[in-house]
$ cat start35.cif   # mmCIF, C-alpha atoms
data_target
#
loop_
_atom_site.label_atom_id
_atom_site.label_comp_id
_atom_site.auth_asym_id
_atom_site.auth_seq_id
_atom_site.Cartn_x
_atom_site.Cartn_y
_atom_site.Cartn_z
CA MET H 1 -81.01 -47.75 22.93
CA ILE H 2 -79.08 -44.68 23.88
CA TYR H 3 -77.69 -42.16 21.45
CA ALA H 4 -74.12 -43.44 21.82
CA VAL H 5 -74.79 -46.13 19.24
CA TRP H 6 -75.02 -43.52 16.47
CA LEU H 7 -71.67 -41.88 17.20
CA PRO H 8 -69.45 -44.48 15.43
CA PHE H 9 -71.30 -43.73 12.18
CA LEU H 10 -70.74 -39.98 12.41
CA LEU H 11 -67.24 -39.69 13.81
CA PRO H 12 -65.40 -40.90 10.65
CA LEU H 13 -66.61 -37.69 9.00
CA ILE H 14 -64.30 -35.77 11.34
CA ALA H 15 -61.62 -38.40 11.96
CA VAL H 16 -60.84 -39.13 8.29
CA PRO H 17 -59.85 -35.57 7.27
CA ALA H 18 -57.91 -35.18 10.54
CA ALA H 19 -55.97 -38.41 9.90
CA ARG H 20 -55.14 -37.28 6.37
CA ARG H 21 -53.80 -33.95 7.60
CA ILE H 22 -51.59 -35.66 10.19
CA ALA H 23 -50.33 -38.19 7.65
CA GLU H 24 -49.21 -35.39 5.33
CA ALA H 25 -46.85 -34.17 8.03
CA LEU H 26 -45.51 -37.59 9.00
CA ALA H 27 -42.76 -39.72 7.46
CA PRO H 28 -44.27 -42.26 5.01
CA ARG H 29 -43.90 -45.29 7.25
CA PRO H 30 -45.66 -43.92 10.36
CA ALA H 31 -48.18 -42.27 8.02
CA ALA H 32 -49.07 -45.63 6.47
CA TRP H 33 -49.45 -47.19 9.92
CA LEU H 34 -51.51 -44.29 11.26
CA LEU H 35 -53.91 -44.24 8.30
CA THR H 36 -54.35 -48.01 8.27
CA ALA H 37 -54.87 -48.27 12.04
CA THR H 38 -57.37 -45.39 11.89
CA THR H 39 -59.39 -46.89 9.07
CA VAL H 40 -59.49 -50.33 10.69
CA ALA H 41 -60.47 -48.91 14.10
CA LEU H 42 -63.27 -46.77 12.66
CA ALA H 43 -64.51 -49.69 10.54
CA LEU H 44 -64.63 -51.99 13.58
CA CYS H 45 -66.50 -49.43 15.71
CA SER H 46 -69.14 -48.73 13.07
CA THR H 47 -69.61 -52.45 12.41
CA ALA H 48 -70.01 -53.09 16.14
CA ALA H 49 -72.62 -50.31 16.30
CA LEU H 50 -74.54 -51.89 13.41
CA ALA H 51 -74.47 -55.24 15.19
CA LEU H 52 -75.82 -53.66 18.39
CA LEU H 53 -78.70 -52.06 16.48
CA VAL H 54 -79.55 -55.46 15.00
CA VAL H 55 -79.48 -57.19 18.39
CA ALA H 56 -81.65 -54.52 20.01
CA GLY H 57 -84.19 -54.83 17.20
CA ALA H 58 -84.12 -58.61 17.16
CA LEU H 59 -84.99 -58.72 20.86
CA LEU H 60 -88.32 -57.09 19.99
CA LEU H 61 -89.32 -60.27 18.18
CA PRO H 62 -91.05 -62.70 20.57
CA PRO H 63 -89.05 -65.82 19.51
CA VAL H 64 -85.74 -64.02 19.96
CA ALA H 65 -86.90 -62.56 23.26
CA ALA H 66 -87.81 -66.08 24.38
CA ILE H 67 -84.35 -67.38 23.47
CA GLY H 68 -82.89 -64.49 25.47
CA ASP H 69 -85.09 -65.43 28.49
CA LEU H 70 -86.71 -61.99 28.47
CA ILE H 71 -89.79 -61.91 30.66
CA LYS H 72 -90.73 -58.35 29.79
CA PRO H 73 -90.03 -56.12 26.76
CA LEU H 74 -86.80 -54.16 26.58
CA ALA H 75 -87.14 -50.89 28.41
CA GLY H 76 -86.74 -47.52 26.78
CA GLY H 77 -86.75 -46.43 23.19
CA ASN H 78 -89.37 -46.26 20.53
CA VAL H 79 -90.32 -49.74 19.35
CA LEU H 80 -90.99 -48.64 15.77
CA LEU H 81 -87.73 -46.72 15.55
CA THR H 82 -85.69 -49.54 17.06
CA GLY H 83 -87.28 -51.98 14.65
CA LEU H 84 -86.65 -49.84 11.61
CA ALA H 85 -83.06 -49.13 12.61
CA ALA H 86 -82.48 -52.84 13.20
CA GLY H 87 -83.90 -53.74 9.79
CA ALA H 88 -81.72 -51.20 8.03
CA ALA H 89 -78.66 -52.23 10.04
CA ALA H 90 -79.26 -55.91 9.28
CA ALA H 91 -79.56 -55.16 5.57
CA LEU H 92 -76.34 -53.13 5.64
CA LEU H 93 -74.51 -55.84 7.57
CA CYS H 94 -75.62 -58.58 5.18
CA PHE H 95 -74.72 -56.50 2.16
CA GLY H 96 -71.37 -55.55 3.68
CA ALA H 97 -70.55 -59.13 4.59
CA THR H 98 -71.37 -60.35 1.07
CA VAL H 99 -69.20 -57.70 -0.58
CA LEU H 100 -66.43 -58.35 1.95
CA VAL H 101 -66.34 -62.07 1.24
CA ARG H 102 -66.44 -61.41 -2.49
CA THR H 103 -63.60 -58.90 -2.25
CA VAL H 104 -61.40 -61.21 -0.21
CA ARG H 105 -62.03 -64.05 -2.65
CA ARG H 106 -61.42 -61.85 -5.68
CA GLN H 107 -58.14 -60.52 -4.33
CA THR H 108 -56.93 -63.98 -3.34
CA ALA H 109 -57.92 -65.34 -6.75
CA GLU H 110 -56.14 -62.47 -8.43
CA LEU H 111 -52.91 -63.17 -6.57
CA CYS H 112 -53.09 -66.93 -7.15
CA GLU H 113 -53.79 -66.42 -10.84
CA ALA H 114 -50.92 -63.95 -11.21
CA ARG H 115 -48.55 -66.38 -9.49
CA ARG H 116 -49.77 -69.28 -11.57
CA LEU H 117 -49.31 -67.35 -14.81
CA MET H 118 -45.80 -66.26 -13.88
CA GLY H 119 -44.50 -69.68 -12.91
CA ARG H 120 -41.41 -69.87 -10.73
CA PRO H 121 -38.81 -67.13 -11.14
CA LYS H 122 -35.47 -68.55 -12.20
CA ALA H 123 -33.29 -65.64 -11.15
CA GLY H 124 -33.61 -64.58 -7.55
CA ASP H 125 -36.89 -62.76 -7.02
CA LEU H 126 -37.21 -61.36 -10.55
CA SER H 127 -39.75 -62.38 -13.20
CA VAL H 128 -39.45 -60.71 -16.58
CA LEU H 129 -42.30 -60.37 -19.07
CA ARG H 130 -41.43 -59.83 -22.72
CA ASP H 131 -43.47 -56.73 -23.39
CA GLY H 132 -42.42 -53.37 -24.80
CA ARG H 133 -44.73 -51.40 -22.52
CA PRO H 134 -43.00 -50.35 -19.31
CA ASP H 135 -44.67 -51.84 -16.27
CA ALA H 136 -43.53 -53.18 -12.91
CA TYR H 137 -45.15 -54.40 -9.73
CA ALA H 138 -44.60 -56.43 -6.61
CA LEU H 139 -46.34 -59.80 -6.51
CA PRO H 140 -46.79 -60.73 -2.85
CA GLY H 141 -46.55 -64.29 -1.58
CA ARG H 142 -43.98 -66.60 -0.10
CA PRO H 143 -41.53 -65.78 -1.47
CA GLY H 144 -42.65 -62.49 -2.99
CA ARG H 145 -41.35 -61.54 -6.38
CA ILE H 146 -40.86 -58.59 -8.67
CA VAL H 147 -42.61 -58.65 -12.03
CA VAL H 148 -41.18 -56.30 -14.62
CA THR H 149 -41.53 -55.95 -18.38
CA THR H 150 -38.60 -55.76 -20.78
CA GLY H 151 -39.91 -52.32 -21.76
CA MET H 152 -39.39 -51.09 -18.21
CA LEU H 153 -35.88 -52.57 -17.97
CA GLN H 154 -34.89 -50.87 -21.22
CA ALA H 155 -36.38 -47.52 -20.21
CA LEU H 156 -34.19 -47.21 -17.13
CA GLU H 157 -30.47 -46.72 -16.52
CA PRO H 158 -28.76 -49.56 -14.61
CA VAL H 159 -28.70 -47.65 -11.31
CA GLU H 160 -32.35 -46.68 -11.79
CA ARG H 161 -33.22 -50.36 -12.24
CA GLU H 162 -31.64 -50.99 -8.85
CA ALA H 163 -33.87 -48.25 -7.40
CA LEU H 164 -36.92 -49.91 -8.99
CA PHE H 165 -35.99 -53.31 -7.53
CA ALA H 166 -35.34 -51.79 -4.10
CA HIS H 167 -38.75 -50.09 -4.27
CA GLU H 168 -40.55 -53.35 -5.08
CA ARG H 169 -38.56 -55.27 -2.44
CA ALA H 170 -39.66 -52.69 0.14
CA HIS H 171 -43.30 -53.41 -0.81
CA LEU H 172 -42.68 -57.13 -0.40
CA SER H 173 -40.67 -57.09 2.83
CA GLY H 174 -43.00 -54.49 4.38
CA ARG H 175 -45.98 -56.69 3.42
CA HIS H 176 -47.65 -53.62 1.95
CA HIS H 177 -50.36 -55.66 0.26
CA LEU H 178 -51.80 -56.37 3.73
CA PHE H 179 -52.13 -52.61 4.36
CA LEU H 180 -53.90 -52.26 1.01
CA ALA H 181 -56.20 -55.17 1.82
CA CYS H 182 -57.09 -53.62 5.22
CA ALA H 183 -57.82 -50.29 3.52
CA GLU H 184 -60.01 -52.03 0.97
CA LEU H 185 -61.99 -54.06 3.53
CA ALA H 186 -62.43 -51.12 5.92
CA ALA H 187 -63.79 -49.03 3.02
CA LEU H 188 -66.58 -51.59 2.68
CA CYS H 189 -67.66 -50.99 6.29
CA HIS H 190 -68.19 -47.24 6.07
CA PRO H 191 -68.39 -45.11 2.89
CA THR H 192 -66.34 -42.28 4.38
CA LEU H 193 -63.39 -44.65 4.81
CA ARG H 194 -63.19 -45.06 1.03
CA SER H 195 -61.41 -41.74 0.77
CA LEU H 196 -58.57 -43.13 2.91
CA ARG H 197 -57.67 -45.81 0.34
CA PRO H 198 -55.72 -43.51 -2.00
CA SER H 199 -54.00 -41.86 0.97
CA ILE H 200 -52.85 -45.25 2.26
CA GLY H 201 -51.70 -46.27 -1.23
CA TYR H 202 -49.71 -43.04 -1.54
CA ALA H 203 -48.08 -43.46 1.89
CA LEU H 204 -47.02 -47.01 0.92
CA GLU H 205 -45.50 -45.81 -2.37
CA ARG H 206 -43.62 -43.08 -0.53
CA TRP H 207 -42.42 -45.63 2.05
CA ALA H 208 -41.05 -47.83 -0.75
CA ASP H 209 -39.56 -44.77 -2.51
CA GLU H 210 -37.63 -43.82 0.63
CA SER H 211 -36.34 -47.40 0.98
CA ALA H 212 -35.24 -47.28 -2.66
CA ALA H 213 -33.45 -43.95 -2.09
CA ASP H 214 -31.67 -45.47 0.92
CA ALA H 215 -30.71 -48.60 -1.02
CA VAL H 216 -29.14 -46.74 -3.94
CA GLY H 217 -27.79 -44.05 -1.64
CA ASP H 218 -29.03 -41.20 -3.82
CA ARG H 219 -32.44 -39.58 -3.59
CA SER H 220 -32.30 -38.00 -7.02
CA VAL H 221 -31.56 -41.39 -8.64
CA ALA H 222 -34.70 -42.80 -7.04
CA ALA H 223 -36.66 -39.72 -8.15
CA ARG H 224 -35.35 -40.06 -11.72
CA ALA H 225 -36.24 -43.77 -11.80
CA ILE H 226 -39.85 -43.02 -10.88
CA GLY H 227 -40.10 -40.06 -13.23
CA ARG H 228 -38.60 -41.85 -16.23
CA ALA H 229 -40.67 -44.98 -15.63
CA ALA H 230 -43.87 -42.91 -15.53
CA LEU H 231 -42.97 -40.91 -18.63
CA ALA H 232 -41.98 -44.04 -20.55
CA ALA H 233 -45.22 -45.77 -19.55
CA ARG H 234 -47.13 -42.74 -20.77
CA SER H 235 -45.52 -42.60 -24.18
CA ALA H 236 -46.33 -46.27 -24.81
CA PRO H 237 -49.96 -47.16 -25.59
CA SER H 238 -51.33 -48.39 -22.32
CA PRO H 239 -52.80 -51.87 -21.82
CA ARG H 240 -54.34 -50.74 -18.55
CA PRO H 241 -57.89 -49.56 -18.26
CA SER H 242 -57.47 -45.85 -17.73
CA ALA H 243 -58.84 -44.92 -14.37
CA ALA H 244 -60.38 -41.56 -13.74
CA LEU H 245 -57.60 -39.05 -13.40
CA ALA H 246 -57.68 -36.15 -11.04
CA ALA H 247 -57.01 -32.68 -12.40
CA ALA H 248 -54.76 -31.91 -9.47
CA ALA H 249 -51.19 -33.18 -9.31
CA GLY H 250 -51.34 -36.96 -9.30
CA PRO H 251 -49.28 -39.18 -7.03
CA VAL H 252 -46.23 -39.57 -9.30
CA PRO H 253 -45.13 -35.90 -9.45
CA ARG H 254 -45.76 -35.62 -5.72
CA ARG H 255 -43.54 -38.66 -5.06
CA VAL H 256 -40.77 -37.27 -7.25
CA ALA H 257 -41.04 -33.85 -5.63
CA ALA H 258 -40.91 -35.39 -2.17
CA LEU H 259 -37.70 -37.26 -3.03
CA LEU H 260 -36.16 -34.10 -4.49
CA ASP H 261 -37.49 -32.23 -1.45
CA ARG H 262 -39.03 -29.52 -3.55
CA ARG H 263 -42.49 -29.40 -2.13
CA PRO H 264 -44.08 -25.97 -1.97
CA ALA H 265 -43.76 -24.46 1.49
CA ALA H 266 -47.54 -24.49 1.90
CA ALA H 267 -47.54 -28.29 1.73
CA ARG H 268 -45.50 -28.54 4.90
CA SER H 269 -47.93 -28.37 7.73
CA ARG H 270 -46.80 -26.64 10.82
CA GLY H 271 -46.26 -28.57 14.03
CA ARG H 272 -48.94 -26.85 16.05
CA THR H 273 -51.67 -27.46 13.47
CA VAL H 274 -50.67 -31.10 13.25
CA ARG H 275 -50.80 -31.49 17.02
CA GLY H 276 -54.28 -29.98 16.90
CA PHE H 277 -55.40 -32.54 14.34
CA ALA H 278 -53.77 -35.32 16.37
CA VAL H 279 -55.87 -34.34 19.39
CA VAL H 280 -59.02 -34.31 17.21
CA LEU H 281 -58.20 -37.73 15.75
CA LEU H 282 -57.45 -39.28 19.14
CA ALA H 283 -60.66 -37.81 20.56
CA CYS H 284 -62.66 -39.23 17.63
CA LEU H 285 -61.14 -42.70 17.98
CA ALA H 286 -61.63 -42.75 21.75
CA LEU H 287 -65.17 -41.43 21.45
CA SER H 288 -65.98 -43.92 18.70
CA ALA H 289 -64.70 -46.91 20.68
CA GLY H 290 -66.17 -45.54 23.92
CA ALA H 291 -69.57 -45.03 22.30
CA ALA H 292 -69.62 -48.57 20.91
CA VAL H 293 -68.71 -49.98 24.33
CA GLU H 294 -71.22 -47.74 26.10
CA ALA H 295 -73.99 -48.75 23.69
CA GLY H 296 -73.09 -52.40 24.27
CA THR H 297 -73.12 -52.02 28.04
CA ASP H 298 -76.40 -50.19 27.87
CA LEU H 299 -77.98 -52.93 25.79
CA HIS H 300 -76.62 -55.55 28.17
CA ARG H 301 -78.12 -53.68 31.14
CA SER H 302 -81.56 -53.42 29.55
CA VAL H 303 -81.45 -57.11 28.61
CA GLU H 304 -80.70 -58.00 32.24
CA THR H 305 -83.54 -55.79 33.40
CA ALA H 306 -85.89 -57.40 30.93
CA GLN H 307 -84.78 -60.81 32.16
CA GLY H 308 -86.22 -59.82 35.50
CA GLU H 309 -82.95 -59.31 37.30
CA SER H 310 -83.06 -56.42 39.72
CA ASP H 311 -81.36 -53.28 38.49
CA ASN H 312 -80.53 -51.53 41.73
CA MET M 1 -13.48 -51.27 -8.98
CA PRO M 2 -14.93 -54.11 -6.92
CA ASP M 3 -17.01 -52.86 -4.05
CA ALA M 4 -17.09 -54.95 -0.87
CA ASN M 5 -20.68 -53.88 -0.11
CA ALA M 6 -21.93 -55.06 -3.49
CA GLU M 7 -20.44 -58.50 -2.87
CA ARG M 8 -22.34 -58.83 0.38
CA ARG M 9 -25.77 -58.42 -1.17
CA PRO M 10 -28.00 -61.51 -1.12
CA ALA M 11 -27.35 -63.88 -4.03
CA GLY M 12 -30.94 -63.57 -5.26
CA GLU M 13 -30.62 -59.80 -5.60
CA LEU M 14 -27.39 -60.10 -7.56
CA GLU M 15 -28.99 -62.65 -9.88
CA ALA M 16 -31.90 -60.29 -10.46
CA SER M 17 -29.56 -57.40 -11.30
CA VAL M 18 -27.51 -59.48 -13.72
CA LEU M 19 -30.60 -60.86 -15.43
CA ALA M 20 -32.07 -57.35 -15.72
CA ALA M 21 -28.86 -56.16 -17.39
CA LEU M 22 -29.14 -58.97 -19.96
CA TRP M 23 -32.80 -58.16 -20.67
CA ALA M 24 -32.07 -54.46 -21.04
CA ALA M 25 -29.28 -55.14 -23.55
CA GLN M 26 -30.03 -55.47 -27.25
CA GLY M 27 -27.91 -58.57 -27.84
CA PRO M 28 -25.81 -61.22 -26.05
CA LEU M 29 -23.41 -59.93 -23.39
CA THR M 30 -20.08 -61.31 -22.21
CA PRO M 31 -19.34 -61.31 -18.45
CA ALA M 32 -17.09 -58.28 -18.98
CA GLU M 33 -19.91 -56.37 -20.65
CA VAL M 34 -22.35 -57.34 -17.92
CA GLN M 35 -19.90 -56.19 -15.28
CA HIS M 36 -19.53 -52.91 -17.14
CA THR M 37 -23.28 -52.19 -17.24
CA LEU M 38 -23.91 -53.05 -13.58
CA PRO M 39 -23.88 -50.04 -11.29
CA ALA M 40 -22.68 -51.91 -8.21
CA GLY M 41 -19.00 -52.60 -8.77
CA LEU M 42 -18.96 -56.38 -8.79
CA ALA M 43 -15.79 -58.38 -9.38
CA ARG M 44 -15.60 -60.06 -12.79
CA THR M 45 -15.36 -63.48 -11.12
CA THR M 46 -18.56 -62.79 -9.20
CA VAL M 47 -20.39 -61.85 -12.39
CA THR M 48 -19.10 -65.01 -14.10
CA THR M 49 -20.26 -67.14 -11.16
CA ILE M 50 -23.72 -65.56 -11.20
CA LEU M 51 -24.00 -66.05 -14.96
CA SER M 52 -23.13 -69.74 -14.75
CA ARG M 53 -25.61 -70.17 -11.89
CA LEU M 54 -28.30 -68.49 -14.02
CA HIS M 55 -27.35 -70.78 -16.90
CA GLU M 56 -27.73 -73.88 -14.66
CA LYS M 57 -31.21 -72.68 -13.67
CA GLY M 58 -32.15 -72.15 -17.30
CA ALA M 59 -32.65 -68.41 -16.94
CA VAL M 60 -30.03 -67.61 -19.60
CA ALA M 61 -28.69 -69.28 -22.73
CA ARG M 62 -25.04 -68.99 -23.74
CA THR M 63 -23.09 -69.13 -26.94
CA ARG M 64 -19.32 -69.39 -27.48
CA SER M 65 -17.73 -66.01 -27.86
CA GLY M 66 -13.98 -65.96 -28.20
CA ARG M 67 -12.45 -67.73 -25.21
CA GLY M 68 -15.59 -67.45 -23.09
CA TYR M 69 -19.34 -67.26 -23.46
CA ALA M 70 -21.88 -64.60 -24.34
CA TYR M 71 -25.23 -64.75 -22.55
CA THR M 72 -28.84 -64.03 -23.57
CA PRO M 73 -31.87 -64.25 -21.27
CA THR M 74 -34.48 -66.95 -21.81
CA GLU M 75 -38.15 -66.32 -21.24
CA ASP M 76 -39.66 -67.12 -17.85
CA SER M 77 -43.16 -67.64 -19.12
CA PRO M 78 -42.97 -67.92 -22.90
CA GLY M 79 -45.69 -66.01 -24.69
CA LEU M 80 -46.91 -64.35 -21.52
CA THR M 81 -46.94 -60.62 -22.05
CA ALA M 82 -48.02 -57.98 -19.60
CA ARG M 83 -51.09 -57.40 -21.75
CA ARG M 84 -52.16 -61.02 -21.54
CA MET M 85 -51.48 -61.11 -17.83
CA HIS M 86 -53.69 -58.07 -17.34
CA THR M 87 -56.47 -59.49 -19.47
CA GLU M 88 -56.38 -62.72 -17.48
CA LEU M 89 -56.47 -60.81 -14.21
CA GLU M 90 -59.21 -58.49 -15.37
CA LYS M 91 -61.45 -61.47 -16.06
CA LEU M 92 -61.46 -61.94 -12.30
CA GLU M 93 -62.83 -58.56 -11.47
CA LYS M 94 -65.69 -57.16 -13.42
CA GLU M 95 -66.72 -54.68 -10.78
CA GLU M 96 -65.94 -51.04 -11.25
CA ASP M 97 -64.24 -49.14 -8.42
CA ARG M 98 -61.74 -51.95 -8.37
CA SER M 99 -58.55 -51.81 -6.54
CA THR M 100 -55.86 -54.37 -6.42
CA VAL M 101 -53.24 -55.58 -4.01
CA LEU M 102 -50.69 -55.55 -6.83
CA ALA M 103 -48.87 -52.32 -6.07
CA ARG M 104 -47.68 -50.75 -9.33
CA PHE M 105 -44.37 -48.91 -9.53
CA VAL M 106 -45.97 -45.92 -11.25
CA SER M 107 -49.59 -44.98 -11.73
CA GLN M 108 -50.90 -43.23 -14.80
CA LEU M 109 -50.10 -39.62 -15.50
CA SER M 110 -52.45 -36.87 -16.54
CA ASP M 111 -51.23 -34.17 -18.98
CA HIS M 112 -50.76 -31.86 -16.04
CA ASP M 113 -48.71 -34.52 -14.22
CA GLU M 114 -46.50 -35.01 -17.25
CA ARG M 115 -45.64 -31.32 -17.50
CA LEU M 116 -45.01 -31.13 -13.77
CA LEU M 117 -42.82 -34.21 -13.86
CA ARG M 118 -40.69 -32.96 -16.77
CA GLU M 119 -40.15 -29.68 -14.94
CA LEU M 120 -39.10 -31.49 -11.78
CA LEU M 121 -36.65 -33.78 -13.59
CA GLU M 122 -35.16 -30.97 -15.65
CA GLY M 123 -34.79 -28.85 -12.54
CA ASP M 124 -32.93 -31.70 -10.89
CA SER M 125 -30.44 -32.33 -13.67
CA SER M 126 -29.52 -28.66 -14.19
#
$ encode --input "start35.cif" --output "structure tokens"
Amino acid sequence: MIYAVWLPFLLPLIAVPAARRIAEALAPRPAAWLLTATTVALALCSTAALALLVVAGALLLPPVAAIGDLIKPLAGGNVLLTGLAAGAAAALLCFGATVLVRTVRRQTAELCEARRLMGRPKAGDLSVLRDGRPDAYALPGRPGRIVVTTGMLQALEPVEREALFAHERAHLSGRHHLFLACAELAALCHPTLRSLRPSIGYALERWADESAADAVGDRSVAARAIGRAALAARSAPSPRPSAALAAAAGPVPRRVAALLDRRPAAARSRGRTVRGFAVVLLACLALSAGAAVEAGTDLHRSVETAQGESDN
Amino acid sequence: MPDANAERRPAGELEASVLAALWAAQGPLTPAEVQHTLPAGLARTTVTTILSRLHEKGAVARTRSGRGYAYTPTEDSPGLTARRMHTELEKLEKEEDRSTVLARFVSQLSDHDERLLRELLEGDSS
């Protein structure tokens, strides 16, 4: 096997930070698309590379070689190394596939269970839970619905409630749960892609925030709705398992600041830098896909040679 | 003041807004009171129509109040609280490093976040 097959494993290390830097400078909607497309593309390339390693190693085994009509061993490469790489790749693929199937089933089960528990909403797309703790989320499906607690409704002013509903409707109509699912599945294919999950989540929240600001026609109303909801949720004892919290500014203050347009000047990346990162990202994606294709072609060529076909 | 744009919103969205107003209130509301609390200037007749539609669907209960009715919301899923919903959902996922496709309106705040957020909101209102 040629060296190209290793590139798709290494390139995410460069592509992921580049994509994050570009996304910071983009509007939320293109940012969400860019990050999701990047993570899916990198995940596909590294999975394809793993598969190629497995195939190359499997062809070393006499029964597989016989099935492939090989009349002589595959040319080139160290047999021991190819075998070891194939074993490791096969283990990773099996593990990844198991976790992937489990994740898909868990997320589907979670959605079905949530929908079953809620029953059918009687008023438009709104389901209300009698609970003093403020909480709200979008429950995707056909049709999607908004789940909100009485605590949340009471914590907000009427116009802020409209902002909340517009935010959740943007999640539903934009089918944001599919972006989140892609981010989650891609993260299973390559560990570096895990760090893109929070970035994608943030871009989706910002996308919905902007839709909410448009719907109520006032950015500061949308900002206040988010801020008050978060503060109210904090003052109530939380039923949620508390996730690890970063010491740096979390997503909520950043969302509010973005709506009020009071980000520090340093946070606004300059155009030239962003263009630089865009070139890096494009190069990484092209190289990653190109390397996977090249490794595939190379394997195909050596298989044909080993099948006794002339390679002139 | 009735607003023509508000009237053109999809019926489902108007129903959601009216129901939310009833849930946010402490007691039963008359159509006039509902109209008063809604931000989008809806005509009184529109509010009355939405309330009777919600009543037909069983989303609200009504009691006589003067010459009209006063409305209270009825529970969608009686006894189901957010806490129970979360416990039920958490049974499904025991793994750590979990993430969910249920996008929450707001994530949790750290102490630092809370200070930052209060500063931002105070700065906006002044």
$ interface_residues --input "start35.cif" --of "chain M" --to "chain H" --cutoff "6 Å" --atoms "only C-alpha atoms" --output "MDAnalysis selection string"
chainID M and resid 12:13 15:16 24 39 59 81 83 101 103:106 113 117
$ resolve_selection --input "start35.cif" --expression "the PyMOL selection byres ((chain H and resi 27-40) around 8)" --output "list in words"
Val16, Ala19, Arg20, Ile22, Ala23, Glu24, Ala25, Leu26, Ala41, Leu42, Ala43, Leu44, Phe179, Cys182, Ala183, Ala186, Ala187, Leu193, Leu196, Ser199, Ile200, Ala203, Leu204, Arg206, Trp207 and Leu285 of chain H
$ closest_residue --input "start35.cif" --among "H:Val5, H:Leu50, H:Leu11, H:Ala170" --to "Gly144 of chain H" --atoms "only C-alpha atoms"
H:Ala170
$ residues_around --input "start35.cif" --residues "Gln26 of chain M" --least-positions-apart "3" --cutoff "10 Å" --atoms "only C-alpha atoms" --output "list in words"
Gln154 of chain H; Ala21, Leu22, Trp23, Leu29 and Thr72 of chain M
$ residues_around --input "start35.cif" --residues "Val47 of chain M" --least-positions-apart "3" --cutoff "10 Å" --atoms "all atoms listed in the file" --output "compact mmCIF listing (two decimals) with C-alpha atoms, in the coordinates of the input"
# COMPACT_ATOMS: atom_id res chain seq x y z
CA LEU M 14 -27.39 -60.10 -7.56
CA GLU M 15 -28.99 -62.65 -9.88
CA VAL M 18 -27.51 -59.48 -13.72
CA THR M 30 -20.08 -61.31 -22.21
CA PRO M 31 -19.34 -61.31 -18.45
CA ALA M 32 -17.09 -58.28 -18.98
CA GLU M 33 -19.91 -56.37 -20.65
CA VAL M 34 -22.35 -57.34 -17.92
CA GLN M 35 -19.90 -56.19 -15.28
CA LEU M 38 -23.91 -53.05 -13.58
CA LEU M 42 -18.96 -56.38 -8.79
CA ALA M 43 -15.79 -58.38 -9.38
CA ARG M 44 -15.60 -60.06 -12.79
CA ILE M 50 -23.72 -65.56 -11.20
CA LEU M 51 -24.00 -66.05 -14.96
CA SER M 52 -23.13 -69.74 -14.75
CA ARG M 53 -25.61 -70.17 -11.89
$ closest_residue --input "start35.cif" --among "M:Gly27, M:Thr48, M:Glu122, M:Arg115" --to "Gly68 of chain M" --atoms "only C-alpha atoms"
M:Thr48
$ atom_distance --input "start35.cif" --atom1 "atom CA of Val274 of chain H" --atom2 "atom CA of Ile14 of chain H"
14.5 Å
